[in-house]
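Structure file entry.cif; described as mmCIF, C-alpha atoms.
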data_target
#
loop_
_atom_site.label_atom_id
_atom_site.label_comp_id
_atom_site.auth_asym_id
_atom_site.auth_seq_id
_atom_site.Cartn_x
_atom_site.Cartn_y
_atom_site.Cartn_z
CA ALA H 1 -24.18 32.93 -0.90
CA ILE H 2 -25.28 29.86 -2.81
CA ALA H 3 -22.52 27.40 -3.62
CA MET H 4 -22.64 26.55 -7.32
CA THR H 5 -20.16 23.70 -7.25
CA THR H 6 -22.50 21.21 -8.92
CA ALA H 7 -24.63 23.57 -11.00
CA THR H 8 -23.75 24.29 -14.62
CA ARG H 9 -22.07 27.65 -15.00
CA VAL H 10 -21.09 27.56 -18.67
CA PHE H 11 -23.71 27.35 -21.42
CA SER H 12 -23.44 26.78 -25.17
CA VAL H 13 -25.14 29.48 -27.26
CA GLU H 14 -25.48 26.98 -30.10
CA ALA H 15 -27.34 24.55 -27.84
CA PHE H 16 -29.92 27.26 -27.10
CA SER H 17 -30.19 28.59 -30.69
CA ARG H 18 -33.61 27.51 -31.92
CA PRO H 19 -34.33 28.40 -35.56
CA SER H 20 -38.04 28.69 -36.28
CA ASP H 21 -40.17 29.22 -39.37
CA GLY H 22 -42.70 31.21 -37.36
CA GLU H 23 -41.91 33.77 -34.68
CA PRO H 24 -38.35 33.82 -33.31
CA ILE H 25 -38.08 31.55 -30.27
CA ARG H 26 -37.20 32.91 -26.83
CA SER H 27 -34.91 30.14 -25.58
CA VAL H 28 -34.34 30.54 -21.84
CA VAL H 29 -30.82 29.61 -20.74
CA LEU H 30 -31.22 30.41 -17.05
CA GLU H 31 -33.87 32.15 -14.96
CA THR H 32 -33.15 33.33 -11.41
CA GLU H 33 -34.27 36.17 -9.13
CA GLU H 34 -31.24 38.13 -10.34
CA SER H 35 -31.78 37.79 -14.09
CA VAL H 36 -33.26 35.98 -17.06
CA ILE H 37 -30.76 34.95 -19.76
CA VAL H 38 -32.19 34.17 -23.19
CA VAL H 39 -30.76 33.24 -26.59
CA TRP H 40 -32.68 34.67 -29.55
CA TYR H 41 -32.30 33.35 -33.10
CA ALA H 42 -34.06 35.42 -35.77
CA ARG H 43 -33.95 34.32 -39.38
CA PRO H 44 -33.82 36.94 -42.16
CA GLY H 45 -37.01 39.01 -42.01
CA GLN H 46 -38.05 37.73 -38.58
CA GLU H 47 -38.92 40.26 -35.90
CA ILE H 48 -38.70 40.44 -32.12
CA ALA H 49 -41.68 42.62 -31.26
CA ALA H 50 -41.04 46.02 -29.70
CA HIS H 51 -41.47 45.85 -25.93
CA ALA H 52 -40.25 47.24 -22.62
CA HIS H 53 -39.43 45.90 -19.19
CA PRO H 54 -40.95 48.36 -16.68
CA HIS H 55 -38.81 47.24 -13.75
CA GLY H 56 -35.50 46.14 -15.29
CA GLN H 57 -32.77 46.48 -17.87
CA ASP H 58 -32.41 44.34 -21.02
CA THR H 59 -28.87 43.98 -22.37
CA TRP H 60 -28.40 42.37 -25.80
CA THR H 61 -25.01 41.06 -26.89
CA VAL H 62 -25.13 40.44 -30.66
CA LEU H 63 -23.20 37.38 -31.85
CA SER H 64 -24.33 37.08 -35.48
CA GLY H 65 -25.93 39.14 -38.22
CA CYS H 66 -27.47 42.58 -38.13
CA ALA H 67 -30.86 44.10 -37.47
CA ASP H 68 -32.90 47.27 -37.27
CA TYR H 69 -33.14 47.94 -33.52
CA PHE H 70 -36.37 49.64 -32.46
CA GLN H 71 -36.07 52.37 -29.81
CA GLY H 72 -39.63 53.72 -29.72
CA ASN H 73 -41.02 56.88 -31.37
CA ASN H 74 -40.19 55.27 -34.75
CA GLU H 75 -36.47 55.65 -33.97
CA VAL H 76 -34.47 52.80 -35.50
CA ILE H 77 -30.72 52.18 -35.50
CA LYS H 78 -28.59 49.45 -37.03
CA LEU H 79 -27.34 46.81 -34.63
CA LYS H 80 -24.69 44.29 -35.68
CA ALA H 81 -22.52 41.42 -34.46
CA GLY H 82 -20.01 42.55 -31.87
CA GLU H 83 -22.25 45.26 -30.44
CA ILE H 84 -24.09 45.48 -27.12
CA ALA H 85 -27.45 47.26 -26.87
CA VAL H 86 -28.78 48.35 -23.49
CA ALA H 87 -32.44 49.15 -22.83
CA LYS H 88 -32.87 50.69 -19.39
CA PRO H 89 -36.08 50.15 -17.39
CA GLY H 90 -39.07 51.26 -19.47
CA GLN H 91 -37.07 51.87 -22.67
CA ILE H 92 -38.63 50.38 -25.80
CA HIS H 93 -36.59 47.82 -27.71
CA GLY H 94 -37.08 45.15 -30.36
CA ALA H 95 -35.56 44.25 -33.71
CA ILE H 96 -36.04 42.89 -37.20
CA ASN H 97 -33.36 40.90 -38.99
CA THR H 98 -32.52 42.95 -42.09
CA ASP H 99 -29.81 40.65 -43.49
CA PRO H 100 -30.96 38.57 -46.48
CA GLU H 101 -28.97 35.49 -45.46
CA ILE H 102 -27.40 35.61 -41.99
CA PRO H 103 -29.35 34.83 -38.81
CA PHE H 104 -29.51 37.56 -36.15
CA ILE H 105 -28.40 35.81 -32.96
CA PHE H 106 -28.02 37.54 -29.62
CA VAL H 107 -27.96 36.85 -25.91
CA SER H 108 -30.38 38.90 -23.82
CA VAL H 109 -29.85 39.42 -20.10
CA VAL H 110 -32.83 40.96 -18.32
CA ALA H 111 -32.17 42.03 -14.74
CA PRO H 112 -33.69 41.63 -12.26
CA GLY H 113 -35.63 38.46 -13.03
CA ASN H 114 -39.00 40.11 -12.29
CA ALA H 115 -38.42 43.05 -14.65
CA GLY H 116 -41.89 42.67 -16.17
CA PHE H 117 -42.84 42.77 -19.85
CA ALA H 118 -45.08 45.03 -21.92
CA LEU H 119 -45.53 45.17 -25.70
CA ALA H 120 -44.95 48.63 -27.16
CA GLU H 121 -45.01 50.63 -30.39
CA LYS H 122 -41.83 50.65 -32.48
#
File written out as structure tokens:
Amino acid sequence: AIAMTTATRVFSVEAFSRPSDGEPIRSVVLETEESVIVVWYARPGQEIAAHAHPHGQDTWTVLSGCADYFQGNNEVIKLKAGEIAVAKPGQIHGAINTDPEIPFIFVSVVAPGNAGFALAEK
């Protein structure tokens, strides 16, 4: 096992929240063989494109706001702060912030780190 005595183990979500006027920014917190941890900050109306990870799971923990969560085949559910959404390997997922004022902020953990990425239809 790797000793993590000197490495940072606690990260500030706020420090990795990157508001953007264009596309939402994928702000990588930590990338290892085991996982990729990302903070997403989507302003009202901004969209994280529907996609899938062929070889891994993507778990979203929503901290702020609400969104329409894409599940493929035009299936959409509401996703809000305090909820966790899990997309298993190959399952389509993405979201659009549907709140008029509040940012949609979530932490994504993709595991393993080489889960792959493919854009998909909503």
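Proximity of H:Val76, H:Ile102, H:Ile92, H:Leu30 to Pro44 (chain H), computed with all atoms listed in the file, is greatest for H:Ile102.
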Contacts of region 48-116 of chain H with region 10-23 of chain H up to 10 Å, shortest pair per row, all atoms listed in the file, as CSV:
residue,atom,partner,partner_atom,distance
H:Ile48,CA,H:Glu23,CA,7.8
H:Ala49,CA,H:Glu23,CA,9.5
H:Leu63,CA,H:Val13,CA,9.3
H:Pro103,CA,H:Pro19,CA,8.8
H:Ile105,CA,H:Ser17,CA,7.8
H:Phe106,CA,H:Val13,CA,8.9
H:Val107,CA,H:Val13,CA,8.0
Between CA of Gly82 (chain H) and CA of Val109 (chain H), what is the spacing in Å?
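Distance reported for this atom pair: 15.7 Å.
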Between H:Asn74, H:Thr8, H:Ser35, H:Asn114, which has the minimum distance to Ala95 (chain H) (counting all atoms listed in the file)?
H:Asn74
Leaving out Ile77 (chain H) and any residue of its chain fewer than 3 positions from it, which residues lie within 9 Å of it when counting only C-alpha atoms, given as an MDAnalysis selection string?
chainID H and resid 67:71
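One finds CA of Arg43 (chain H) at 6.4 Å from CA of Phe104 (chain H).
Note that the spacing between CA of Ile25 (chain H) and CA of Ala50 (chain H) amounts to 14.8 Å.
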Closest of H:Ser108, H:Asn73, H:Thr98, H:Gln91 to Lys122 (chain H), counting only C-alpha atoms, is H:Asn73
